[in-house]
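Engineer: Before anything else, here's the structure in question.
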There are 2 protein chains.
Amino acid sequence: MKCRRCREPAVIDVPRHNAGFCAECFLRHCREQVRRAIEDHDMFSERDRVLVAVSGGKDSLGLWQLLRDLGYQADGLYVGLGIGEYSDTSGDYARAFAQSRGWPLLEVDLRSTYGFDVPGGSKAIKRVPCSACGLSKRHVFNDAARTNGYDVLATGHNLDDEAAVLLGNVLRWDVGYLGRQHPVLPAAPGFVRKVKPLVRLGERELAAYCVLADIDYIIEECPMAAGNRHLGYKELLNQIEERSPGTKAAFLFNFLERGHERFAGDAVEEREDLHPCPECGSPTPAEVCAFCRLQARATRSIPVTVET
Amino acid sequence: MKCRRCREPAVIDVPRHNAGFCAECFLRHCREQVRRAIEDHDMFSERDRVLVAVSGGKDSLGLWQLLRDLGYQADGLYVGLGIGEYSDTSGDYARAFAQSRGWPLLEVDLRSTYGFDVPGGSKAIKRVPCSACGLSKRHVFNDAARTNGYDVLATGHNLDDEAAVLLGNVLRWDVGYLGRQHPVLPAAPGFVRKVKPLVRLGERELAAYCVLADIDYIIEECPMAAGNRHLGYKELLNQIEERSPGTKAAFLFNFLERGHERFAGDAVEEREDLHPCPECGSPTPAEVCAFCRLQARATRSIPVTVET
């Protein structure tokens with residue numbers, strides 16, 4: 001197979017595009033896909049300060065590199081989730097990446113800043129770890145971006161992630177989630193703008209990108225995510241994709257083109273019901289926000305019964 | 001496991017309902033689900049003449065029996081598709097079922113009435129057999145119902161069928177198909193009303209129903225359908241269902257409740273573009289309808305070149 005662009009021997013094939021690429025043209029292809037995603041969805045400009053949430057994995061480190069290569073002002077944010085050895089190692093990868101390039105990396109440790117970690121939080125609210133983790137990350141990402149004056153928060157969700165989330169939302173016809181599923185969530189009172197510049201690149205492309213761009217990332221997946229529903233949806237979509245390459249991209253992009261707008265009103269309605277959490281100021285539809293409730297339960301000390 | 005209704009020993013479990021049933025209560029459960037589907041979607045009344053498209057399989061024969069048991073005026077329609085031994089056998093089952101009950105069965109043979117069969121039609125239009133078959137059945141069903149003065153055409157699409165079709169439509173975000181996917185397609189000029197009274201019953205329930213109701217049906221699946229996309233989607237949904245019973249029903253019913261209406265306008269727009277086919281009078285958006293084009297290609301005799 002030859003490179004689609006320069007006709008040199010290809011090192012990677014992308015069945016969805018029915019194309020092969022040499023190393024140099026593949027790196028260019030990845031930059032081009034990110035450039036297009038940012039442009040198509042009007043994510044941010046060179047003047048915006050972008051905070052990239054990095055986990056030490058291929059997607060987030062690849063994203064940070066791609067944004068810098070495209071000339072954006074992108075700094076990193078690493079959140080220590082306290083998931084044992086996995087968190088220690090992933091933090092090491094994020095720090096080594098930032099240091100080797102001299103790029104600023106903000107760090108927030110869930111335990112030392114908020115008094116609990118993901119395994120403890122999960123137990124406290126009797127929900128799967130991924131639920132406590134997602135809730136915590138959403139809060140801490142938004143908080144860190146606002147506190148430190150960033151215009152935009154960028155996450156490394158790729159095409160495979162977004163397609164799997166879409167499948168889950170569609171299987172339940174969760175109209176609020178469908179209305180919010182978009183590569184750009186606009187800023188709102190208490191919310192920084194959130195963007196997903198990797199929506200045009202698949203998981204396999206990101207892994208190849210990191211290898212070819214010489215990015216050292218944690219290969220191990222989070223041990224707490226094993227067997228979760230999201231990974232199950234990814235597997236199903238991979239089965240369809242293998243049979244009909246391009247299905248996953250069509251599923252996501254056709255939704256964005258002619259599905260999403262039909263649900264956007266539901267998300268707006270949900271937003272209109274929000275008010276600031278009395279504990280932390282984050283917008284919430286409930287009396288106290290879900291993160292503060294999680295934190296309260298996870299850090300509650302057992303009251304000592306004193307006999308009088 | 002005990003029967004949910006009468007506490008006698010259960011003979012079948014329905015994980016989606018987290019329930020078991022004895023034989024008698026299961027038959028009642030099936031009738032009840034069909035009764036509810038007809039009522040919820042206002043499909044037809046006791047005064048309507050219903051034509052049931054029967055293939056000789058479990059779904060369509062089960063449907064005919066259920067409609068009769070519920071007191072409806074339901075006759076059968078068998079269309080000979082010319083799929084070799086499979087069609088011969090399926091016709092035998094349909095005829096034997098109708099004769100044993102003394103219920104009227106209309107018969108239309110594609111080859112003797114329209115001059116071609118499904119394998120020939122498929123070759124002529126260079127499309128998969130399921131495509132030529134679906135196109136032919138839609139035309140012949142509608143035509144037979146109109147010509148013979150029926151108010152409604154009922155087909156045996158079950159919950160598994162409809163969920164798999166929905167998954168295919170959603171993977172492409174085919175907004176016209178999503179707008180038309182409903183248990184009732186209302187009558188329109190040239191179109192008889194079409195209904196799917198089995199949407200609340202799964203494939204496995206239908207098989208059990210036929211066994212317990214002593215209905216002899218063709219177990220063999222159509223040989224031309226093997227490996228088609230629709231069956232692939234069914235398998236995927238079965239994988240999800242096994243992990244989370246009820247997912248399939250939630251997917252379909254939540255769509256009907258809060259998804260479908262968002263696409264209904266697209267289907268109406270498509271309907272407004274229709275005009276009668278000059279060949280057969282059926283409504284079509286094209287110059288000549290797809291069925292007449294299929295028929296023309298499949299029956300075209302090779303012109304003899306005469307030397308002068």
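Naming works like this for the structure tokens: A, B, ... for the chains as they're shown, residue 1 at the start of each chain, ligands 1 onward in shown order.
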Please report, as CSV, each residue of chain B lying at most 12 Å from chain A, together with the nearest pair of atoms and the separation in Å rounded to one decimal; use only C-alpha atoms, and order rows by chain and ascending residue number.

Structural biologist:
```
residue,atom,partner,partner_atom,distance
B:Ala163,CA,A:Leu171,CA,9.8
B:Ala164,CA,A:Leu171,CA,11.5
B:Leu166,CA,A:Leu171,CA,9.9
B:Leu167,CA,A:Leu171,CA,8.6
B:Gly168,CA,A:Phe251,CA,9.8
B:Asn169,CA,A:Phe251,CA,9.7
B:Val170,CA,A:Phe251,CA,7.3
B:Leu171,CA,A:Phe251,CA,4.7
B:Arg172,CA,A:Phe251,CA,5.5
B:Trp173,CA,A:Asn254,CA,5.8
B:Asp174,CA,A:Asn254,CA,8.5
B:Val175,CA,A:Arg258,CA,7.7
B:Gly176,CA,A:Arg258,CA,11.1
B:Leu178,CA,A:Gly259,CA,10.6
B:Gly227,CA,A:Arg243,CA,11.0
B:Asn228,CA,A:Arg243,CA,11.0
B:Arg229,CA,A:Arg243,CA,9.3
B:His230,CA,A:Ile240,CA,11.5
B:Leu231,CA,A:Ile240,CA,11.9
B:Gly232,CA,A:Ile240,CA,8.2
B:Tyr233,CA,A:Ile240,CA,8.4
B:Lys234,CA,A:Ile240,CA,11.7
B:Glu235,CA,A:Leu236,CA,10.0
B:Leu236,CA,A:Leu236,CA,6.6
B:Leu237,CA,A:Leu236,CA,9.0
B:Asn238,CA,A:Leu236,CA,10.9
B:Gln239,CA,A:Leu236,CA,8.5
B:Ile240,CA,A:Gly232,CA,8.2
B:Glu241,CA,A:Leu171,CA,11.0
B:Glu242,CA,A:Gly232,CA,12.0
B:Arg243,CA,A:Arg229,CA,9.2
B:Ser244,CA,A:Arg229,CA,9.6
B:Gly246,CA,A:Arg172,CA,10.5
B:Thr247,CA,A:Leu171,CA,7.1
B:Lys248,CA,A:Leu171,CA,7.8
B:Ala249,CA,A:Leu171,CA,9.5
B:Ala250,CA,A:Arg172,CA,6.3
B:Phe251,CA,A:Leu171,CA,4.7
B:Leu252,CA,A:Leu171,CA,8.2
B:Phe253,CA,A:Trp173,CA,9.2
B:Asn254,CA,A:Trp173,CA,5.8
B:Phe255,CA,A:Trp173,CA,6.0
B:Leu256,CA,A:Trp173,CA,9.5
B:Glu257,CA,A:Trp173,CA,9.2
B:Arg258,CA,A:Trp173,CA,7.3
B:Gly259,CA,A:Trp173,CA,6.7
B:His260,CA,A:Trp173,CA,10.1
B:Glu261,CA,A:Arg262,CA,10.0
B:Arg262,CA,A:Arg262,CA,6.3
B:Phe263,CA,A:Arg262,CA,8.4
B:Ala264,CA,A:Arg262,CA,11.4
B:Gly265,CA,A:Arg262,CA,11.4
B:Asp266,CA,A:Arg258,CA,11.0
```

Engineer: Using only C-alpha atoms, which residues sit within 8 Å of segment 138-144 of chain A once same-chain residues fewer than 5 positions away are excluded, as a PDB file with all heavy atoms, in the first residue's frame?

Structural biologist:
```pdb
ATOM      1  N   ALA A  53      -7.198  18.792  29.426  1.00  0.00           N
ATOM      2  CA  ALA A  53      -7.225  17.823  30.516  1.00  0.00           C
ATOM      3  C   ALA A  53      -6.416  16.600  30.073  1.00  0.00           C
ATOM      4  O   ALA A  53      -6.781  15.950  29.099  1.00  0.00           O
ATOM      5  CB  ALA A  53      -8.669  17.432  30.820  1.00  0.00           C
ATOM      6  N   LEU A  77      -3.664  20.077  32.244  1.00  0.00           N
ATOM      7  CA  LEU A  77      -4.233  19.927  33.591  1.00  0.00           C
ATOM      8  C   LEU A  77      -4.248  18.442  33.912  1.00  0.00           C
ATOM      9  O   LEU A  77      -4.841  17.649  33.169  1.00  0.00           O
ATOM     10  CB  LEU A  77      -5.674  20.462  33.622  1.00  0.00           C
ATOM     11  CG  LEU A  77      -6.523  20.059  34.842  1.00  0.00           C
ATOM     12  CD1 LEU A  77      -5.965  20.682  36.127  1.00  0.00           C
ATOM     13  CD2 LEU A  77      -7.990  20.462  34.645  1.00  0.00           C
ATOM     14  N   VAL A  79      -5.369  15.724  36.816  1.00  0.00           N
ATOM     15  CA  VAL A  79      -6.121  15.537  38.060  1.00  0.00           C
ATOM     16  C   VAL A  79      -5.781  14.166  38.658  1.00  0.00           C
ATOM     17  O   VAL A  79      -5.986  13.140  38.000  1.00  0.00           O
ATOM     18  CB  VAL A  79      -7.641  15.654  37.823  1.00  0.00           C
ATOM     19  CG1 VAL A  79      -8.408  15.408  39.121  1.00  0.00           C
ATOM     20  CG2 VAL A  79      -7.999  17.030  37.270  1.00  0.00           C
ATOM     21  N   VAL A 108      -4.064  19.021  40.072  1.00  0.00           N
ATOM     22  CA  VAL A 108      -5.031  19.043  41.174  1.00  0.00           C
ATOM     23  C   VAL A 108      -5.129  17.625  41.701  1.00  0.00           C
ATOM     24  O   VAL A 108      -5.360  16.694  40.922  1.00  0.00           O
ATOM     25  CB  VAL A 108      -6.423  19.516  40.712  1.00  0.00           C
ATOM     26  CG1 VAL A 108      -7.412  19.488  41.884  1.00  0.00           C
ATOM     27  CG2 VAL A 108      -6.375  20.911  40.101  1.00  0.00           C
ATOM     28  N   LEU A 153     -11.901  24.616  27.893  1.00  0.00           N
ATOM     29  CA  LEU A 153     -11.357  23.357  28.381  1.00  0.00           C
ATOM     30  C   LEU A 153     -11.464  22.330  27.266  1.00  0.00           C
ATOM     31  O   LEU A 153     -12.552  22.128  26.700  1.00  0.00           O
ATOM     32  CB  LEU A 153     -12.142  22.859  29.605  1.00  0.00           C
ATOM     33  CG  LEU A 153     -11.628  21.497  30.079  1.00  0.00           C
ATOM     34  CD1 LEU A 153     -10.499  21.676  31.091  1.00  0.00           C
ATOM     35  CD2 LEU A 153     -12.735  20.646  30.637  1.00  0.00           C
ATOM     36  N   PHE A 191     -20.026  27.964  33.805  1.00  0.00           N
ATOM     37  CA  PHE A 191     -19.445  26.903  32.962  1.00  0.00           C
ATOM     38  C   PHE A 191     -18.470  27.499  31.957  1.00  0.00           C
ATOM     39  O   PHE A 191     -18.838  28.406  31.190  1.00  0.00           O
ATOM     40  CB  PHE A 191     -20.533  26.192  32.142  1.00  0.00           C
ATOM     41  CG  PHE A 191     -21.370  25.216  32.910  1.00  0.00           C
ATOM     42  CD1 PHE A 191     -22.755  25.281  32.853  1.00  0.00           C
ATOM     43  CD2 PHE A 191     -20.783  24.217  33.666  1.00  0.00           C
ATOM     44  CE1 PHE A 191     -23.542  24.372  33.544  1.00  0.00           C
ATOM     45  CE2 PHE A 191     -21.566  23.299  34.361  1.00  0.00           C
ATOM     46  CZ  PHE A 191     -22.947  23.378  34.305  1.00  0.00           C
ATOM     47  N   VAL A 192     -17.273  26.969  31.909  1.00  0.00           N
ATOM     48  CA  VAL A 192     -16.321  27.347  30.868  1.00  0.00           C
ATOM     49  C   VAL A 192     -16.694  26.601  29.581  1.00  0.00           C
ATOM     50  O   VAL A 192     -17.369  25.568  29.650  1.00  0.00           O
ATOM     51  CB  VAL A 192     -14.885  26.990  31.349  1.00  0.00           C
ATOM     52  CG1 VAL A 192     -14.656  25.494  31.308  1.00  0.00           C
ATOM     53  CG2 VAL A 192     -13.837  27.731  30.560  1.00  0.00           C
ATOM     54  N   PHE A 291     -21.576  17.066  42.835  1.00  0.00           N
ATOM     55  CA  PHE A 291     -20.194  16.919  43.295  1.00  0.00           C
ATOM     56  C   PHE A 291     -20.094  17.205  44.788  1.00  0.00           C
ATOM     57  O   PHE A 291     -19.445  16.461  45.517  1.00  0.00           O
ATOM     58  CB  PHE A 291     -19.252  17.837  42.510  1.00  0.00           C
ATOM     59  CG  PHE A 291     -17.831  17.736  42.991  1.00  0.00           C
ATOM     60  CD1 PHE A 291     -17.036  16.667  42.592  1.00  0.00           C
ATOM     61  CD2 PHE A 291     -17.300  18.678  43.865  1.00  0.00           C
ATOM     62  CE1 PHE A 291     -15.727  16.552  43.051  1.00  0.00           C
ATOM     63  CE2 PHE A 291     -15.999  18.563  44.336  1.00  0.00           C
ATOM     64  CZ  PHE A 291     -15.206  17.503  43.917  1.00  0.00           C
TER      65      PHE A 291
END
```

Engineer: Taking the chain letters and numbering used in this document, name the residues of segment 99-202 of chain B that DSSP puts in strand (DSSP E or B), as a VMD selection string.

Structural biologist: chain B and resid 105 to 109 152 to 154 184 to 185 188 191 193 to 195

Engineer: Could you go through segment 13-192 of chain B and tell me which residues DSSP, when run on the backbone, assigns to helix (DSSP H, G or I), listing them as a PyMOL selection string?

Structural biologist: chain B and resi 15-17+23-40+58-69+84-101+110-114+118-125+129-147+159-172+175-180

Engineer: Between A:Cys222, A:Ala154, A:Cys292, A:Leu63, which one has atoms that come closest to Ala207 of chain A, using only C-alpha atoms?

Structural biologist: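 The shortest atom-to-atom distance to Ala207 of chain A comes from A:Leu63.
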
Engineer: Mind giving me the straight-line distance from atom CA of Phe97 of chain A to atom CA of Asp216 of chain A in Å, one decimal?

Structural biologist: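 For atom CA of Phe97 of chain A relative to atom CA of Asp216 of chain A, the distance reads 7.4 Å.
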
Engineer: List as a list of chain:residue names the protein and nucleic acid residues near Ala37 of chain A, meaning an atom at most 8 Å away when only C-alpha atoms are counted, but skip any in the same chain fewer than 2 places from it.

Structural biologist: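 Once the adjacent positions are removed, what remains is A:Gln33, A:Val34, A:Arg35, A:Glu39, A:Asp40, A:His41, A:Met43, A:Pro197, A:Leu198, A:Val199, A:Arg200.
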
Engineer: Kindly give the distance, in Å, that separates atom CA of Cys130 of chain B and atom CA of Asp59 of chain B, rounded to a single decimal.

Structural biologist: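 Result for atom CA of Cys130 of chain B versus atom CA of Asp59 of chain B: 17.9 Å, one decimal.
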
Engineer: Could you check the closest approach to Arg293 of chain A for each of A:Val195, A:Ala132, A:Leu206, A:Leu110 and tell me which residue wins, using only C-alpha atoms?

Structural biologist: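 Comparing A:Val195, A:Ala132, A:Leu206, A:Leu110 against Arg293 of chain A, the winner is A:Ala132.
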
Engineer: For Gln73 of chain A, work out the shell of residues within 7 Å, counting only C-alpha atoms and skipping chain neighbours fewer than 4 positions away, then give it as a PyMOL selection string.

Structural biologist: chain A and resi 46+48-50+68

Engineer: Those selected residues, please, written with all heavy atoms and delivered as a PDB file, in the first residue's frame.

Structural biologist:
```
ATOM      1  N   GLU A  46      -6.599  31.354  18.009  1.00  0.00           N
ATOM      2  CA  GLU A  46      -5.233  31.462  18.539  1.00  0.00           C
ATOM      3  C   GLU A  46      -5.169  32.383  19.755  1.00  0.00           C
ATOM      4  O   GLU A  46      -4.235  32.297  20.545  1.00  0.00           O
ATOM      5  CB  GLU A  46      -4.264  31.991  17.458  1.00  0.00           C
ATOM      6  CG  GLU A  46      -3.791  30.948  16.466  1.00  0.00           C
ATOM      7  CD  GLU A  46      -4.764  30.776  15.309  1.00  0.00           C
ATOM      8  OE1 GLU A  46      -5.851  31.396  15.343  1.00  0.00           O
ATOM      9  OE2 GLU A  46      -4.447  29.999  14.386  1.00  0.00           O
ATOM     10  N   ASP A  48      -7.335  32.445  22.207  1.00  0.00           N
ATOM     11  CA  ASP A  48      -7.906  31.814  23.411  1.00  0.00           C
ATOM     12  C   ASP A  48      -6.862  31.023  24.187  1.00  0.00           C
ATOM     13  O   ASP A  48      -5.989  30.379  23.604  1.00  0.00           O
ATOM     14  CB  ASP A  48      -9.048  30.870  23.011  1.00  0.00           C
ATOM     15  CG  ASP A  48     -10.294  31.625  22.566  1.00  0.00           C
ATOM     16  OD1 ASP A  48     -10.667  32.607  23.241  1.00  0.00           O
ATOM     17  OD2 ASP A  48     -10.877  31.236  21.533  1.00  0.00           O
ATOM     18  N   ARG A  49      -7.011  31.064  25.506  1.00  0.00           N
ATOM     19  CA  ARG A  49      -6.152  30.218  26.355  1.00  0.00           C
ATOM     20  C   ARG A  49      -6.887  28.892  26.573  1.00  0.00           C
ATOM     21  O   ARG A  49      -7.990  28.866  27.132  1.00  0.00           O
ATOM     22  CB  ARG A  49      -5.886  30.887  27.702  1.00  0.00           C
ATOM     23  CG  ARG A  49      -4.997  32.140  27.599  1.00  0.00           C
ATOM     24  CD  ARG A  49      -4.650  32.638  28.997  1.00  0.00           C
ATOM     25  NE  ARG A  49      -3.812  31.680  29.715  1.00  0.00           N
ATOM     26  CZ  ARG A  49      -3.901  31.440  31.024  1.00  0.00           C
ATOM     27  NH1 ARG A  49      -4.795  32.060  31.758  1.00  0.00           N
ATOM     28  NH2 ARG A  49      -3.089  30.560  31.605  1.00  0.00           N
ATOM     29  N   VAL A  50      -6.257  27.816  26.125  1.00  0.00           N
ATOM     30  CA  VAL A  50      -6.895  26.499  26.169  1.00  0.00           C
ATOM     31  C   VAL A  50      -6.263  25.645  27.269  1.00  0.00           C
ATOM     32  O   VAL A  50      -5.028  25.560  27.361  1.00  0.00           O
ATOM     33  CB  VAL A  50      -6.728  25.780  24.805  1.00  0.00           C
ATOM     34  CG1 VAL A  50      -7.442  24.432  24.817  1.00  0.00           C
ATOM     35  CG2 VAL A  50      -7.219  26.652  23.659  1.00  0.00           C
ATOM     36  N   ARG A  68      -0.615  22.263  20.245  1.00  0.00           N
ATOM     37  CA  ARG A  68       0.597  23.088  20.244  1.00  0.00           C
ATOM     38  C   ARG A  68       1.178  23.170  18.825  1.00  0.00           C
ATOM     39  O   ARG A  68       1.569  24.233  18.358  1.00  0.00           O
ATOM     40  CB  ARG A  68       1.643  22.483  21.195  1.00  0.00           C
ATOM     41  CG  ARG A  68       1.336  22.761  22.650  1.00  0.00           C
ATOM     42  CD  ARG A  68       1.973  24.094  23.049  1.00  0.00           C
ATOM     43  NE  ARG A  68       1.717  24.440  24.449  1.00  0.00           N
ATOM     44  CZ  ARG A  68       2.435  25.350  25.116  1.00  0.00           C
ATOM     45  NH1 ARG A  68       3.440  25.981  24.534  1.00  0.00           N
ATOM     46  NH2 ARG A  68       2.134  25.627  26.364  1.00  0.00           N
TER      47      ARG A  68
END
```

Engineer: One decimal, in Å: what's the spacing between atom CA of Gly281 of chain B and atom CA of Leu51 of chain B?

Structural biologist: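 According to the coordinates, atom CA of Gly281 of chain B and atom CA of Leu51 of chain B are separated by 20.6 Å.
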
Engineer: Neighbours of Ala98 of chain B within 8 Å (only C-alpha atoms; same-chain residues fewer than 6 positions away dropped), as a list in words?

Structural biologist: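 My list of contacting residues is Gly76, Pro104 and Leu105 of chain B.
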
Engineer: Could you name the residues that touch Ile219 of chain A at 9 Å or less, counting only C-alpha atoms, but leaving out those on the same chain fewer than 6 positions away, as a VMD selection string?

Structural biologist: chain A and resid 56 to 58

Engineer: Point out the residue among B:Ala187, B:Gly102, B:Val14, B:Glu287 with the least atom-to-atom distance to His275 of chain B, counting only C-alpha atoms.

Structural biologist: B:Glu287

Engineer: Nearest to His17 of chain A among A:Gly202, A:Pro283, A:Gly190, A:Pro129, with distances taken over only C-alpha atoms: which residue is it?

Structural biologist: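 Using only C-alpha atoms, the shortest distance to His17 of chain A belongs to A:Gly202.
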